[in-house]
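Shown here: run.pdb, PDB, C-alpha atoms and all ligand atoms.
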```
ATOM      1  CA  MET A1082      52.838   0.888-149.317
ATOM      2  CA  LYS A1083      53.451   4.601-148.865
ATOM      3  CA  ARG A1084      54.521   6.853-151.725
ATOM      4  CA  CYS A1085      57.024   9.699-151.539
ATOM      5  CA  LEU A1086      55.208  12.970-150.910
ATOM      6  CA  TRP A1087      57.612  14.828-153.204
ATOM      7  CA  CYS A1088      57.921  12.577-156.272
ATOM      8  CA  LYS A1089      55.485   9.638-155.736
ATOM      9  CA  GLN A1090      58.204   6.973-155.967
ATOM     10  CA  LYS A1091      58.142   4.137-153.432
ATOM     11  CA  ALA A1092      58.878   5.615-149.991
ATOM     12  CA  VAL A1093      61.742   4.282-147.845
ATOM     13  CA  ILE A1094      60.750   6.146-144.695
ATOM     14  CA  TYR A1095      57.596   7.495-143.112
ATOM     15  CA  MET A1096      58.231  10.044-140.366
ATOM     16  CA  ARG A1097      55.099  10.042-138.266
ATOM     17  CA  GLU A1098      56.154  13.126-136.332
ATOM     18  CA  HIS A1099      56.354  15.103-139.616
ATOM     19  CA  ARG A1100      53.619  13.098-141.396
ATOM     20  CA  LEU A1101      56.083  12.803-144.227
ATOM     21  CA  ALA A1102      56.955   9.832-146.464
ATOM     22  CA  LEU A1103      60.036  10.140-148.690
ATOM     23  CA  CYS A1104      61.847   7.946-151.210
ATOM     24  CA  LYS A1105      65.537   7.062-151.381
ATOM     25  CA  ASP A1106      66.293  10.048-153.641
ATOM     26  CA  CYS A1107      64.267  12.718-151.852
ATOM     27  CA  TYR A1108      65.098  11.722-148.282
ATOM     28  CA  PRO A1109      68.813  12.734-148.425
ATOM     29  CA  LYS A1110      67.761  16.106-149.915
ATOM     30  CA  TRP A1111      65.246  16.668-147.112
ATOM     31  CA  PHE A1112      67.882  15.647-144.556
ATOM     32  CA  LEU A1113      70.444  18.145-145.885
ATOM     33  CA  ARG A1114      67.824  20.878-145.989
ATOM     34  CA  MET A1115      66.902  20.233-142.352
ATOM     35  CA  THR A1116      70.578  20.206-141.334
ATOM     36  CA  GLU A1117      71.142  23.559-143.027
ATOM     37  CA  ARG A1118      68.030  24.952-141.389
ATOM     38  CA  THR A1119      69.244  23.856-137.935
ATOM     39  CA  ILE A1120      72.667  25.414-138.572
ATOM     40  CA  LYS A1121      71.111  28.715-139.649
ATOM     41  CA  GLU A1122      68.439  28.792-136.943
ATOM     42  CA  TRP A1123      70.992  28.366-134.181
ATOM     43  CA  ARG A1124      73.718  30.401-135.912
ATOM     44  CA  MET A1125      76.033  27.446-135.546
ATOM     45  CA  ILE A1126      78.556  28.267-138.275
ATOM     46  CA  GLU A1127      79.590  31.708-139.558
ATOM     47  CA  PRO A1128      81.261  32.090-142.989
ATOM     48  CA  SER A1129      84.665  32.785-141.398
ATOM     49  CA  ASP A1130      84.580  29.659-139.209
ATOM     50  CA  LYS A1131      86.979  26.749-139.496
ATOM     51  CA  VAL A1132      85.080  23.614-138.488
ATOM     52  CA  LEU A1133      86.510  20.548-136.797
ATOM     53  CA  VAL A1134      84.241  17.476-136.772
ATOM     54  CA  ALA A1135      84.666  15.018-133.924
ATOM     55  CA  VAL A1136      84.776  11.794-135.940
ATOM     56  CA  SER A1137      84.359   8.458-134.162
ATOM     57  CA  GLY A1138      83.750   6.126-137.126
ATOM     58  CA  GLY A1139      80.062   5.697-136.192
ATOM     59  CA  LYS A1140      77.030   6.629-138.293
ATOM     60  CA  ASP A1141      76.367   9.974-136.611
ATOM     61  CA  SER A1142      79.806  11.546-136.872
ATOM     62  CA  LEU A1143      80.500  10.212-140.377
ATOM     63  CA  GLY A1144      77.030  11.279-141.528
ATOM     64  CA  LEU A1145      77.652  14.726-140.062
ATOM     65  CA  TRP A1146      81.048  15.147-141.703
ATOM     66  CA  PHE A1147      79.578  14.091-145.057
ATOM     67  CA  ALA A1148      76.528  16.367-144.672
ATOM     68  CA  LEU A1149      78.637  19.421-143.769
ATOM     69  CA  THR A1150      80.879  18.987-146.791
ATOM     70  CA  GLN A1151      77.831  18.425-149.036
ATOM     71  CA  LEU A1152      76.456  21.713-147.752
ATOM     72  CA  GLY A1153      79.717  23.422-148.720
ATOM     73  CA  TYR A1154      81.296  23.911-145.295
ATOM     74  CA  ASP A1155      85.061  23.578-144.903
ATOM     75  CA  ALA A1156      85.090  20.851-142.306
ATOM     76  CA  ASP A1157      88.043  18.696-141.307
ATOM     77  CA  GLY A1158      87.888  15.622-139.092
ATOM     78  CA  LEU A1159      89.627  14.704-135.873
ATOM     79  CA  TYR A1160      89.690  11.062-134.870
ATOM     80  CA  LEU A1161      90.722  10.312-131.297
ATOM     81  CA  ASP A1162      92.228   6.871-131.004
ATOM     82  CA  LEU A1163      90.897   5.860-127.582
ATOM     83  CA  GLY A1164      92.917   2.629-127.501
ATOM     84  CA  ILE A1165      89.845   0.450-126.895
ATOM     85  CA  SER A1166      90.913  -2.983-128.040
ATOM     86  CA  PRO A1167      88.137  -5.577-127.399
ATOM     87  CA  GLY A1168      87.090  -6.557-130.923
ATOM     88  CA  GLU A1169      89.718  -4.122-132.247
ATOM     89  CA  TYR A1170      87.047  -1.471-131.774
ATOM     90  CA  SER A1171      89.347   1.552-132.129
ATOM     91  CA  GLU A1172      91.307   0.166-135.098
ATOM     92  CA  ARG A1173      88.162  -0.689-137.047
ATOM     93  CA  SER A1174      86.420   2.589-136.360
ATOM     94  CA  LYS A1175      89.526   4.487-137.505
ATOM     95  CA  GLU A1176      89.454   2.625-140.836
ATOM     96  CA  PHE A1177      85.904   3.823-141.522
ATOM     97  CA  ALA A1178      86.889   7.407-140.692
ATOM     98  CA  LEU A1179      89.856   7.195-143.079
ATOM     99  CA  GLN A1180      87.667   5.803-145.871
ATOM    100  CA  LEU A1181      85.314   8.772-145.678
ATOM    101  CA  SER A1182      88.196  11.229-145.470
ATOM    102  CA  GLN A1183      89.489   9.887-148.809
ATOM    103  CA  ARG A1184      86.068   9.972-150.414
ATOM    104  CA  ILE A1185      85.314  13.579-149.474
ATOM    105  CA  GLN A1186      88.927  14.704-149.901
ATOM    106  CA  ARG A1187      89.122  16.370-146.482
ATOM    107  CA  PRO A1188      91.951  15.820-144.002
ATOM    108  CA  LEU A1189      91.425  13.515-141.037
ATOM    109  CA  HIS A1190      93.683  14.342-138.093
ATOM    110  CA  ILE A1191      94.437  11.437-135.809
ATOM    111  CA  VAL A1192      95.434  11.847-132.167
ATOM    112  CA  LYS A1193      96.246   8.910-129.909
ATOM    113  CA  VAL A1194      94.921   9.341-126.385
ATOM    114  CA  ALA A1195      97.825   7.229-125.085
ATOM    115  CA  ASP A1196     100.356   9.645-126.653
ATOM    116  CA  GLU A1197      98.694  12.673-125.087
ATOM    117  CA  MET A1198      97.758  11.199-121.733
ATOM    118  CA  GLY A1199     100.346   8.464-121.215
ATOM    119  CA  LYS A1200      97.609   5.800-121.161
ATOM    120  CA  PRO A1201      94.661   4.642-123.316
ATOM    121  CA  VAL A1202      91.069   5.319-122.230
ATOM    122  CA  PRO A1203      90.421   1.946-120.508
ATOM    123  CA  ASP A1204      93.450   2.437-118.206
ATOM    124  CA  LEU A1205      92.550   6.053-117.491
ATOM    125  CA  ALA A1206      88.968   5.080-116.661
ATOM    126  CA  PHE A1207      90.147   2.304-114.361
ATOM    127  CA  ALA A1208      92.603   4.573-112.547
ATOM    128  CA  SER A1209      90.179   7.475-112.266
ATOM    129  CA  ASN A1210      87.592   5.544-110.254
ATOM    130  CA  ARG A1211      84.907   7.059-112.487
ATOM    131  CA  GLU A1212      82.493   5.349-114.845
ATOM    132  CA  PRO A1213      84.404   4.617-118.102
ATOM    133  CA  CYS A1214      82.112   6.931-120.090
ATOM    134  CA  SER A1215      82.538   9.765-117.622
ATOM    135  CA  ALA A1216      86.349   9.618-117.758
ATOM    136  CA  CYS A1217      86.316   9.045-121.523
ATOM    137  CA  GLY A1218      83.927  11.972-122.075
ATOM    138  CA  ALA A1219      86.121  14.331-120.054
ATOM    139  CA  VAL A1220      89.273  13.251-121.932
ATOM    140  CA  LYS A1221      87.576  13.570-125.332
ATOM    141  CA  ARG A1222      86.220  17.071-124.641
ATOM    142  CA  TYR A1223      89.642  18.133-123.391
ATOM    143  CA  LEU A1224      91.613  16.762-126.356
ATOM    144  CA  PHE A1225      89.173  18.042-128.991
ATOM    145  CA  ASN A1226      89.349  21.495-127.459
ATOM    146  CA  LYS A1227      93.136  21.417-127.155
ATOM    147  CA  PHE A1228      93.545  20.338-130.775
ATOM    148  CA  ALA A1229      91.111  22.984-132.022
ATOM    149  CA  VAL A1230      92.868  25.750-130.083
ATOM    150  CA  GLU A1231      96.333  24.684-131.235
ATOM    151  CA  ASN A1232      95.292  24.363-134.875
ATOM    152  CA  GLY A1233      93.082  27.412-135.352
ATOM    153  CA  TYR A1234      89.665  25.722-135.524
ATOM    154  CA  THR A1235      86.842  27.968-134.321
ATOM    155  CA  VAL A1236      83.976  25.447-134.114
ATOM    156  CA  ILE A1237      83.825  21.826-132.938
ATOM    157  CA  ALA A1238      80.883  19.896-134.440
ATOM    158  CA  THR A1239      79.636  16.674-132.881
ATOM    159  CA  GLY A1240      77.128  14.145-134.238
ATOM    160  CA  HIS A1241      74.776  14.052-131.230
ATOM    161  CA  ASN A1242      71.246  13.295-132.421
ATOM    162  CA  LEU A1243      67.814  13.790-130.853
ATOM    163  CA  ASP A1244      67.863  10.360-129.175
ATOM    164  CA  ASP A1245      71.209  11.164-127.513
ATOM    165  CA  GLU A1246      70.108  14.588-126.353
ATOM    166  CA  ALA A1247      66.666  13.529-125.120
ATOM    167  CA  ALA A1248      68.217  10.608-123.183
ATOM    168  CA  THR A1249      70.798  12.930-121.590
ATOM    169  CA  LEU A1250      68.047  15.377-120.729
ATOM    170  CA  LEU A1251      65.931  12.650-119.132
ATOM    171  CA  GLY A1252      68.924  11.453-117.071
ATOM    172  CA  ASN A1253      69.682  14.993-115.910
ATOM    173  CA  VAL A1254      66.043  15.697-115.052
ATOM    174  CA  LEU A1255      65.665  12.467-113.072
ATOM    175  CA  ARG A1256      68.566  13.555-110.865
ATOM    176  CA  TRP A1257      67.893  17.295-111.133
ATOM    177  CA  GLN A1258      71.451  17.938-112.228
ATOM    178  CA  ILE A1259      70.955  21.674-112.469
ATOM    179  CA  GLY A1260      74.536  22.462-113.526
ATOM    180  CA  TYR A1261      74.353  20.041-116.474
ATOM    181  CA  LEU A1262      70.822  21.140-117.396
ATOM    182  CA  ALA A1263      71.920  24.774-117.508
ATOM    183  CA  ARG A1264      74.581  23.847-120.049
ATOM    184  CA  GLN A1265      72.628  21.381-122.253
ATOM    185  CA  ALA A1266      72.142  23.306-125.490
ATOM    186  CA  PRO A1267      72.651  22.742-129.241
ATOM    187  CA  VAL A1268      75.312  25.476-129.198
ATOM    188  CA  LEU A1269      77.836  26.203-126.477
ATOM    189  CA  PRO A1270      79.452  29.524-127.325
ATOM    190  CA  GLU A1271      83.170  30.136-127.213
ATOM    191  CA  ARG A1272      84.526  31.145-123.819
ATOM    192  CA  VAL A1273      87.768  33.044-123.540
ATOM    193  CA  LEU A1274      89.787  33.513-120.394
ATOM    194  CA  GLY A1275      91.036  36.908-119.361
ATOM    195  CA  VAL A1276      94.244  35.242-118.276
ATOM    196  CA  GLY A1277      95.889  32.088-119.500
ATOM    197  CA  GLY A1278      96.719  33.073-123.081
ATOM    198  CA  GLU A1279      95.672  31.023-126.124
ATOM    199  CA  GLN A1280      95.269  27.800-124.152
ATOM    200  CA  GLY A1281      92.655  29.506-122.044
ATOM    201  CA  ARG A1282      89.862  29.134-124.569
ATOM    202  CA  LEU A1283      86.865  26.874-124.857
ATOM    203  CA  VAL A1284      86.066  26.577-128.543
ATOM    204  CA  LYS A1285      82.410  26.911-129.627
ATOM    205  CA  ARG A1286      80.661  23.514-129.790
ATOM    206  CA  ILE A1287      77.706  22.716-132.024
ATOM    207  CA  LYS A1288      75.298  19.802-132.574
ATOM    208  CA  PRO A1289      73.785  20.166-136.065
ATOM    209  CA  PHE A1290      71.927  16.800-135.905
ATOM    210  CA  ILE A1291      69.713  17.527-132.891
ATOM    211  CA  ARG A1292      66.633  17.549-135.151
ATOM    212  CA  PHE A1293      67.085  13.898-136.245
ATOM    213  CA  THR A1294      66.460  10.583-134.553
ATOM    214  CA  GLU A1295      69.116   7.879-134.563
ATOM    215  CA  LYS A1296      67.193   5.968-137.270
ATOM    216  CA  GLN A1297      66.966   9.030-139.503
ATOM    217  CA  VAL A1298      70.717   9.625-139.291
ATOM    218  CA  ALA A1299      71.415   5.937-139.976
ATOM    219  CA  LEU A1300      69.218   6.037-143.095
ATOM    220  CA  PHE A1301      70.982   9.143-144.407
ATOM    221  CA  THR A1302      74.368   7.486-143.877
ATOM    222  CA  ILE A1303      73.262   4.222-145.503
ATOM    223  CA  LEU A1304      71.601   5.884-148.517
ATOM    224  CA  ASN A1305      74.849   7.779-149.120
ATOM    225  CA  ARG A1306      76.732   4.459-149.011
ATOM    226  CA  ILE A1307      78.992   5.487-146.137
ATOM    227  CA  PRO A1308      80.292   2.425-144.303
ATOM    228  CA  TYR A1309      80.457   2.898-140.519
ATOM    229  CA  ILE A1310      81.217   0.863-137.420
ATOM    230  CA  GLU A1311      78.016  -0.795-136.263
ATOM    231  CA  GLN A1312      79.478  -2.359-133.149
ATOM    232  CA  GLU A1313      78.760  -0.370-129.983
ATOM    233  CA  CYS A1314      81.732   0.634-127.874
ATOM    234  CA  PRO A1315      82.210  -2.248-125.394
ATOM    235  CA  PHE A1316      81.914   0.227-122.510
ATOM    236  CA  ALA A1317      78.470   1.370-123.644
ATOM    237  CA  VAL A1318      76.929  -1.969-122.623
ATOM    238  CA  GLY A1319      74.616  -1.421-119.673
ATOM    239  CA  ALA A1320      74.958   2.370-119.839
ATOM    240  CA  ALA A1321      71.960   4.185-118.362
ATOM    241  CA  SER A1322      71.640   6.273-121.537
ATOM    242  CA  LEU A1323      70.674   3.152-123.540
ATOM    243  CA  PHE A1324      67.917   2.392-121.037
ATOM    244  CA  TYR A1325      66.618   5.976-121.276
ATOM    245  CA  LYS A1326      66.655   5.765-125.074
ATOM    246  CA  ASP A1327      64.526   2.619-124.888
ATOM    247  CA  LEU A1328      62.033   4.290-122.573
ATOM    248  CA  LEU A1329      61.777   7.354-124.807
ATOM    249  CA  ASN A1330      61.255   5.146-127.865
ATOM    250  CA  LYS A1331      58.340   3.454-126.109
ATOM    251  CA  ILE A1332      56.799   6.836-125.310
ATOM    252  CA  GLU A1333      57.386   7.974-128.898
ATOM    253  CA  GLU A1334      55.641   4.866-130.167
ATOM    254  CA  ARG A1335      52.511   5.798-128.212
ATOM    255  CA  SER A1336      52.738   9.482-128.919
ATOM    256  CA  PRO A1337      54.807  10.455-131.988
ATOM    257  CA  GLY A1338      56.706  13.718-131.697
ATOM    258  CA  THR A1339      57.041  13.625-127.894
ATOM    259  CA  LYS A1340      60.821  13.229-127.989
ATOM    260  CA  TRP A1341      61.241  16.420-129.982
ATOM    261  CA  VAL A1342      58.765  18.380-127.858
ATOM    262  CA  PHE A1343      60.497  17.193-124.668
ATOM    263  CA  TYR A1344      63.908  18.312-125.924
ATOM    264  CA  SER A1345      63.048  21.409-127.953
ATOM    265  CA  GLN A1346      60.760  22.944-125.341
ATOM    266  CA  PHE A1347      63.451  22.456-122.726
ATOM    267  CA  VAL A1348      66.054  24.106-124.943
ATOM    268  CA  GLU A1349      63.809  27.005-125.917
ATOM    269  CA  GLN A1350      62.081  27.718-122.625
ATOM    270  CA  ILE A1351      63.883  26.213-119.654
ATOM    271  CA  GLN A1352      67.610  26.105-120.497
ATOM    272  CA  PRO A1353      68.010  29.878-121.016
ATOM    273  CA  LEU A1354      66.377  30.520-117.620
ATOM    274  CA  LEU A1355      68.659  28.035-115.895
ATOM    275  CA  ASP A1356      71.709  29.398-117.695
ATOM    276  CA  GLU A1357      70.861  32.877-116.436
ATOM    277  CA  LYS A1358      70.053  31.820-112.895
ATOM    278  CA  PHE A1359      72.979  29.426-112.539
ATOM    279  CA  PRO A1360      75.858  30.935-114.521
ATOM    280  CA  GLU A1361      78.893  28.739-115.007
ATOM    281  CA  PRO A1362      81.536  29.384-112.370
ATOM    282  CA  GLU A1363      84.364  31.590-113.560
ATOM    283  CA  LEU A1364      86.950  29.723-115.587
ATOM    284  CA  ARG A1365      90.633  29.924-114.788
ATOM    285  CA  PRO A1366      93.675  28.210-116.250
ATOM    286  CA  CYS A1367      94.538  24.791-114.828
ATOM    287  CA  THR A1368      97.716  25.142-112.787
ATOM    288  CA  ARG A1369      99.135  22.007-114.476
ATOM    289  CA  CYS A1370      98.200  22.342-118.148
ATOM    290  CA  GLY A1371      96.793  25.864-118.582
ATOM    291  CA  MET A1372      93.481  24.709-120.067
ATOM    292  CA  PRO A1373      90.290  26.365-118.768
ATOM    293  CA  THR A1374      88.747  24.824-115.675
ATOM    294  CA  THR A1375      86.627  25.766-112.695
ATOM    295  CA  ALA A1376      88.982  24.060-110.217
ATOM    296  CA  GLU A1377      92.635  24.643-109.457
ATOM    297  CA  VAL A1378      93.619  21.492-111.346
ATOM    298  CA  CYS A1379      91.398  20.384-114.253
ATOM    299  CA  SER A1380      89.604  17.024-114.154
ATOM    300  CA  VAL A1381      91.753  15.579-116.941
ATOM    301  CA  CYS A1382      95.039  16.445-115.192
ATOM    302  CA  ARG A1383      93.601  14.815-112.064
ATOM    303  CA  ILE A1384      92.703  11.655-114.024
ATOM    304  CA  LYS A1385      96.214  11.627-115.516
ATOM    305  CA  GLU A1386      97.870  12.050-112.144
ATOM    306  CA  ARG A1387      95.844   9.248-110.568
ATOM    307  CA  ALA A1388      96.732   6.922-113.451
ATOM    308  CA  ASN A1389     100.462   7.675-113.093
ATOM    309  CA  LYS A1390     100.306   7.288-109.322
ATOM    310  CA  LEU A1391      98.664   3.887-109.708
ATOM    311  CA  VAL A1392     101.453   2.730-112.045
ATOM    312  CA  ALA A1393     104.099   3.992-109.597
ATOM    313  CA  GLU A1394     102.407   2.085-106.725
ATOM    314  CA  VAL A1395     102.141  -1.130-108.738
ATOM    315  CA  LYS A1396     105.819  -1.035-109.814
ATOM    316  CA  PRO A1397     108.126  -2.794-107.326
TER
HETATM  317 FE1  LIG B   1      83.924   6.543-124.473
HETATM  318 FE2  LIG B   1      81.749   5.555-123.246
HETATM  319 FE3  LIG B   1      81.591   6.477-125.752
HETATM  320 FE4  LIG B   1      82.919   4.214-125.236
HETATM  321  S1  LIG B   1      80.713   4.561-124.957
HETATM  322  S2  LIG B   1      83.584   5.860-126.573
HETATM  323  S3  LIG B   1      83.845   4.698-123.241
HETATM  324  S4  LIG B   1      82.073   7.679-123.915
HETATM  325 ZN    ZN B   2      94.886  20.508-116.626
END
```
File written out as structure tokens:
Amino acid sequence: MKRCLWCKQKAVIYMREHRLALCKDCYPKWFLRMTERTIKEWRMIEPSDKVLVAVSGGKDSLGLWFALTQLGYDADGLYLDLGISPGEYSERSKEFALQLSQRIQRPLHIVKVADEMGKPVPDLAFASNREPCSACGAVKRYLFNKFAVENGYTVIATGHNLDDEAATLLGNVLRWQIGYLARQAPVLPERVLGVGGEQGRLVKRIKPFIRFTEKQVALFTILNRIPYIEQECPFAVGAASLFYKDLLNKIEERSPGTKWVFYSQFVEQIQPLLDEKFPEPELRPCTRCGMPTTAEVCSVCRIKERANKLVAEVKP
């Protein structure tokens, strides 16, 4: 049995990639230290920033919200009620988010997708003719940004971990999705439109957990006794990202540390080159809603319009 390298108690985790064994008391301290180091290294949060955490009720986002408040950041939560009902998924995940909000005494804002968009995520995904996760992702990014702009938040923090990012990277590399690769970074800086007023702003987005694997985040959340929704979103079943995560775990098993090298070397060496060579097309305000987009009408307004059209066609 391994002993904690810091205090010699019984270890609860051995991280082969760091050659580090830690106990239940030292591991959360190490985890917070690493989070702070990532934030500082990437200049994710400045002292004047107002942080909005995208809270889903899962281990990553709740762990992130808890970690940020432990580190002394003023971070509020925003829970998007996606209206996913199989197994009462949305209702149950909201309960976990509310529990943490009470424990850390920080406000949790709740926005219902159906109130904003006229329909819940499953209906929007069906009407949009896109994969559910693609439509859902677009709607979530849009609503988080809109809420942040309207309420004076300057940073949106999401709980993406190393497994998420490495799987996304693998998927983008396999298809050589240059546009996505050029924009896959731990920090996406704020972008302001010359025209379009306040709505014409993309708030800075940060991923402070990119240094941790899914298991490491889960252990931090569990050791801090934060209950979270363990059930996967029903739409995640069969998603390619889960298959890529499995593959990367097998590679990691054979060669510890590969996942981090794959992701970090891309972010340090390749992404800046791609970003320079393939700059994002100029943003302009959506002619329907005023939010920044590269097209005349933004993708979310198009999803919304298709969903309404479908309802109008179905009605006698
Ligand atoms: Fe949305 Fe897909 Fe995530 Fe479910 S798994 S919450 S549909 S992005
Ligand atoms: Zn729009």
As a quick test: using only C-alpha atoms and all ligand atoms, which residues lie no more than 8 Å away from ligand ZN 2 (chain B)? Give them as a PDB file with C-alpha atoms, in the coordinates of the input.
```pdb
ATOM      1  CA  PRO A1366      93.675  28.210-116.250  1.00  0.00           C
ATOM      2  CA  CYS A1367      94.538  24.791-114.828  1.00  0.00           C
ATOM      3  CA  THR A1368      97.716  25.142-112.787  1.00  0.00           C
ATOM      4  CA  ARG A1369      99.135  22.007-114.476  1.00  0.00           C
ATOM      5  CA  CYS A1370      98.200  22.342-118.148  1.00  0.00           C
ATOM      6  CA  GLY A1371      96.793  25.864-118.582  1.00  0.00           C
ATOM      7  CA  MET A1372      93.481  24.709-120.067  1.00  0.00           C
ATOM      8  CA  PRO A1373      90.290  26.365-118.768  1.00  0.00           C
ATOM      9  CA  THR A1374      88.747  24.824-115.675  1.00  0.00           C
ATOM     10  CA  VAL A1378      93.619  21.492-111.346  1.00  0.00           C
ATOM     11  CA  CYS A1379      91.398  20.384-114.253  1.00  0.00           C
ATOM     12  CA  SER A1380      89.604  17.024-114.154  1.00  0.00           C
ATOM     13  CA  VAL A1381      91.753  15.579-116.941  1.00  0.00           C
ATOM     14  CA  CYS A1382      95.039  16.445-115.192  1.00  0.00           C
ATOM     15  CA  ARG A1383      93.601  14.815-112.064  1.00  0.00           C
TER      16      ARG A1383
END
```
Mind giving me the straight-line distance from CA of Glu1117 in chain A to CA of Leu1103 in chain A in Å, one decimal?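 One can read the CA of Glu1117 in chain A to CA of Leu1103 in chain A distance as 18.3 Å.
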Mind dumping a table of every chain A residue within 6 Å of ligand LIG 1 (chain B), with the nearest atom pair and its distance in Å to one decimal, using only C-alpha atoms and all ligand atoms, sorted by chain and rising number, as a tab-separated table?
```
residue	atom	partner	partner_atom	distance
A:Pro1213	CA	B:LIG1	S3	5.2
A:Cys1214	CA	B:LIG1	FE2	3.5
A:Cys1217	CA	B:LIG1	FE1	4.5
A:Gly1218	CA	B:LIG1	S4	5.0
A:Cys1314	CA	B:LIG1	FE4	4.6
A:Phe1316	CA	B:LIG1	S3	4.9
A:Ala1317	CA	B:LIG1	S1	4.1
```
At a cut-off of 12 Å, using all atoms listed in the file, what residues contact Cys1085 in chain A? Leave out same-chain residues fewer than 6 positions from it and give the result as a list in words.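 Contacts, in chain order: Lys1091, Ala1092, Val1093, Ile1094, Tyr1095, Met1096, Arg1100, Leu1101, Ala1102, Leu1103, Cys1104, Lys1105, Asp1106, Cys1107, Tyr1108 and Trp1111 of chain A.
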In Å, how far is it from CA of Gly1139 in chain A to CA of Gln1297 in chain A? 13.9 Å
Given the file shown, determine the residues that the PyMOL selection byres (((chain A and resi 1243) around 6) and not hetatm) selects; report them as a CSV table (one decimal) with C-alpha atoms, in the frame of the given file.
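As a result, selection31.csv now contains:
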```csv
chain,number,residue,atom,x,y,z
A,1242,ASN,CA,71.2,13.3,-132.4
A,1244,ASP,CA,67.9,10.4,-129.2
A,1245,ASP,CA,71.2,11.2,-127.5
A,1246,GLU,CA,70.1,14.6,-126.4
A,1247,ALA,CA,66.7,13.5,-125.1
A,1291,ILE,CA,69.7,17.5,-132.9
A,1292,ARG,CA,66.6,17.5,-135.2
A,1293,PHE,CA,67.1,13.9,-136.2
A,1294,THR,CA,66.5,10.6,-134.6
```
With a distance cut-off of 7 Å and all atoms listed in the file, select the neighbouring residues of range 1351-1357 of chain A, excluding the residue or stretch itself and same-chain residues fewer than 3 positions from it, and output the selection as a VMD selection string. chain A and resid 1262 to 1264 1347 to 1348 1360
Written as a PyMOL selection string, which residues does the PyMOL selection byres (((chain A and resi 1180-1195) around 6) and not hetatm) give for the file shown? chain A and resi 1157-1163+1177-1179+1196-1201
Using only C-alpha atoms, which of the listed residues (A:Ser1174, A:Trp1341, A:Val1132, A:Val1298) sits closest to Asn1232 in chain A?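 For Asn1232 in chain A, the nearest of the candidates is A:Val1132.
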Can you list, as a list in words, the residues that the PyMOL selection byres (((chain A and resi 1144) around 9) and not hetatm) selects here?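 Expected selection for the PyMOL selection byres (((chain A and resi 1144) around 9) and not hetatm) here is Gly1139, Lys1140, Asp1141, Ser1142, Leu1143, Leu1145, Trp1146, Phe1147, Ala1148, Leu1149, Gly1240, Val1298, Ala1299, Phe1301, Thr1302, Ile1303, Asn1305 and Ile1307 of chain A.
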Give me, please, the distance in Å between CA of Thr1375 in chain A and CA of Phe1359 in chain A, quoted to one decimal. 14.1 Å
Radius query 12 Å about (81.4, -3.0, -123.9), atoms used: all atoms listed in the file, as a list in words: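 Counting all atoms listed in the file, I find these residues within 12 Å of (81.4, -3.0, -123.9): Ile1165, Ser1166, Pro1167, Gly1168, Glu1169, Tyr1170, Pro1203, Pro1213, Cys1214, Gln1312, Glu1313, Cys1314, Pro1315, Phe1316, Ala1317, Val1318, Gly1319 and Ala1320 of chain A.
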Nearest to Leu1133 in chain A by atom-to-atom distance, counting all atoms listed in the file, from A:Met1115, A:Ala1229, A:Ile1259, A:Ala1376: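 Smallest separation from Leu1133 in chain A among the options: A:Ala1229.
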Find the smallest box with edges along x, y and z containing every listed atom of range 1190-1196 of chain A, then add 6 Å on each side and report centre and edge lengths in Å to one decimal, as AutoDock Vina command-line options.
```
--center_x 97.0 --center_y 10.8 --center_z -131.6 --size_x 18.7 --size_y 19.1 --size_z 25.0
```
Just checking: using only C-alpha atoms, which residue out of A:Lys1285, A:Lys1131, A:Arg1256, A:Arg1173 ends up closest to Asn1226 in chain A?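 Of A:Lys1285, A:Lys1131, A:Arg1256, A:Arg1173, the one nearest Asn1226 in chain A, counting only C-alpha atoms, is A:Lys1285.
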Which neighbours of Thr1119 in chain A fall inside 10 Å, counting all atoms listed in the file, when residues of the same chain fewer than 2 positions from it are skipped, and could you give them as JSON, numbers by chain? {"A": [1113, 1114, 1115, 1116, 1117, 1121, 1122, 1123, 1124, 1125, 1267, 1288, 1289, 1290, 1291, 1292]}
Keeping only C-alpha atoms, write the selected residues as a PDB file, in the coordinates of the input.
```pdb
ATOM      1  CA  LEU A1113      70.444  18.145-145.885  1.00  0.00           C
ATOM      2  CA  ARG A1114      67.824  20.878-145.989  1.00  0.00           C
ATOM      3  CA  MET A1115      66.902  20.233-142.352  1.00  0.00           C
ATOM      4  CA  THR A1116      70.578  20.206-141.334  1.00  0.00           C
ATOM      5  CA  GLU A1117      71.142  23.559-143.027  1.00  0.00           C
ATOM      6  CA  LYS A1121      71.111  28.715-139.649  1.00  0.00           C
ATOM      7  CA  GLU A1122      68.439  28.792-136.943  1.00  0.00           C
ATOM      8  CA  TRP A1123      70.992  28.366-134.181  1.00  0.00           C
ATOM      9  CA  ARG A1124      73.718  30.401-135.912  1.00  0.00           C
ATOM     10  CA  MET A1125      76.033  27.446-135.546  1.00  0.00           C
ATOM     11  CA  PRO A1267      72.651  22.742-129.241  1.00  0.00           C
ATOM     12  CA  LYS A1288      75.298  19.802-132.574  1.00  0.00           C
ATOM     13  CA  PRO A1289      73.785  20.166-136.065  1.00  0.00           C
ATOM     14  CA  PHE A1290      71.927  16.800-135.905  1.00  0.00           C
ATOM     15  CA  ILE A1291      69.713  17.527-132.891  1.00  0.00           C
ATOM     16  CA  ARG A1292      66.633  17.549-135.151  1.00  0.00           C
TER      17      ARG A1292
END
```
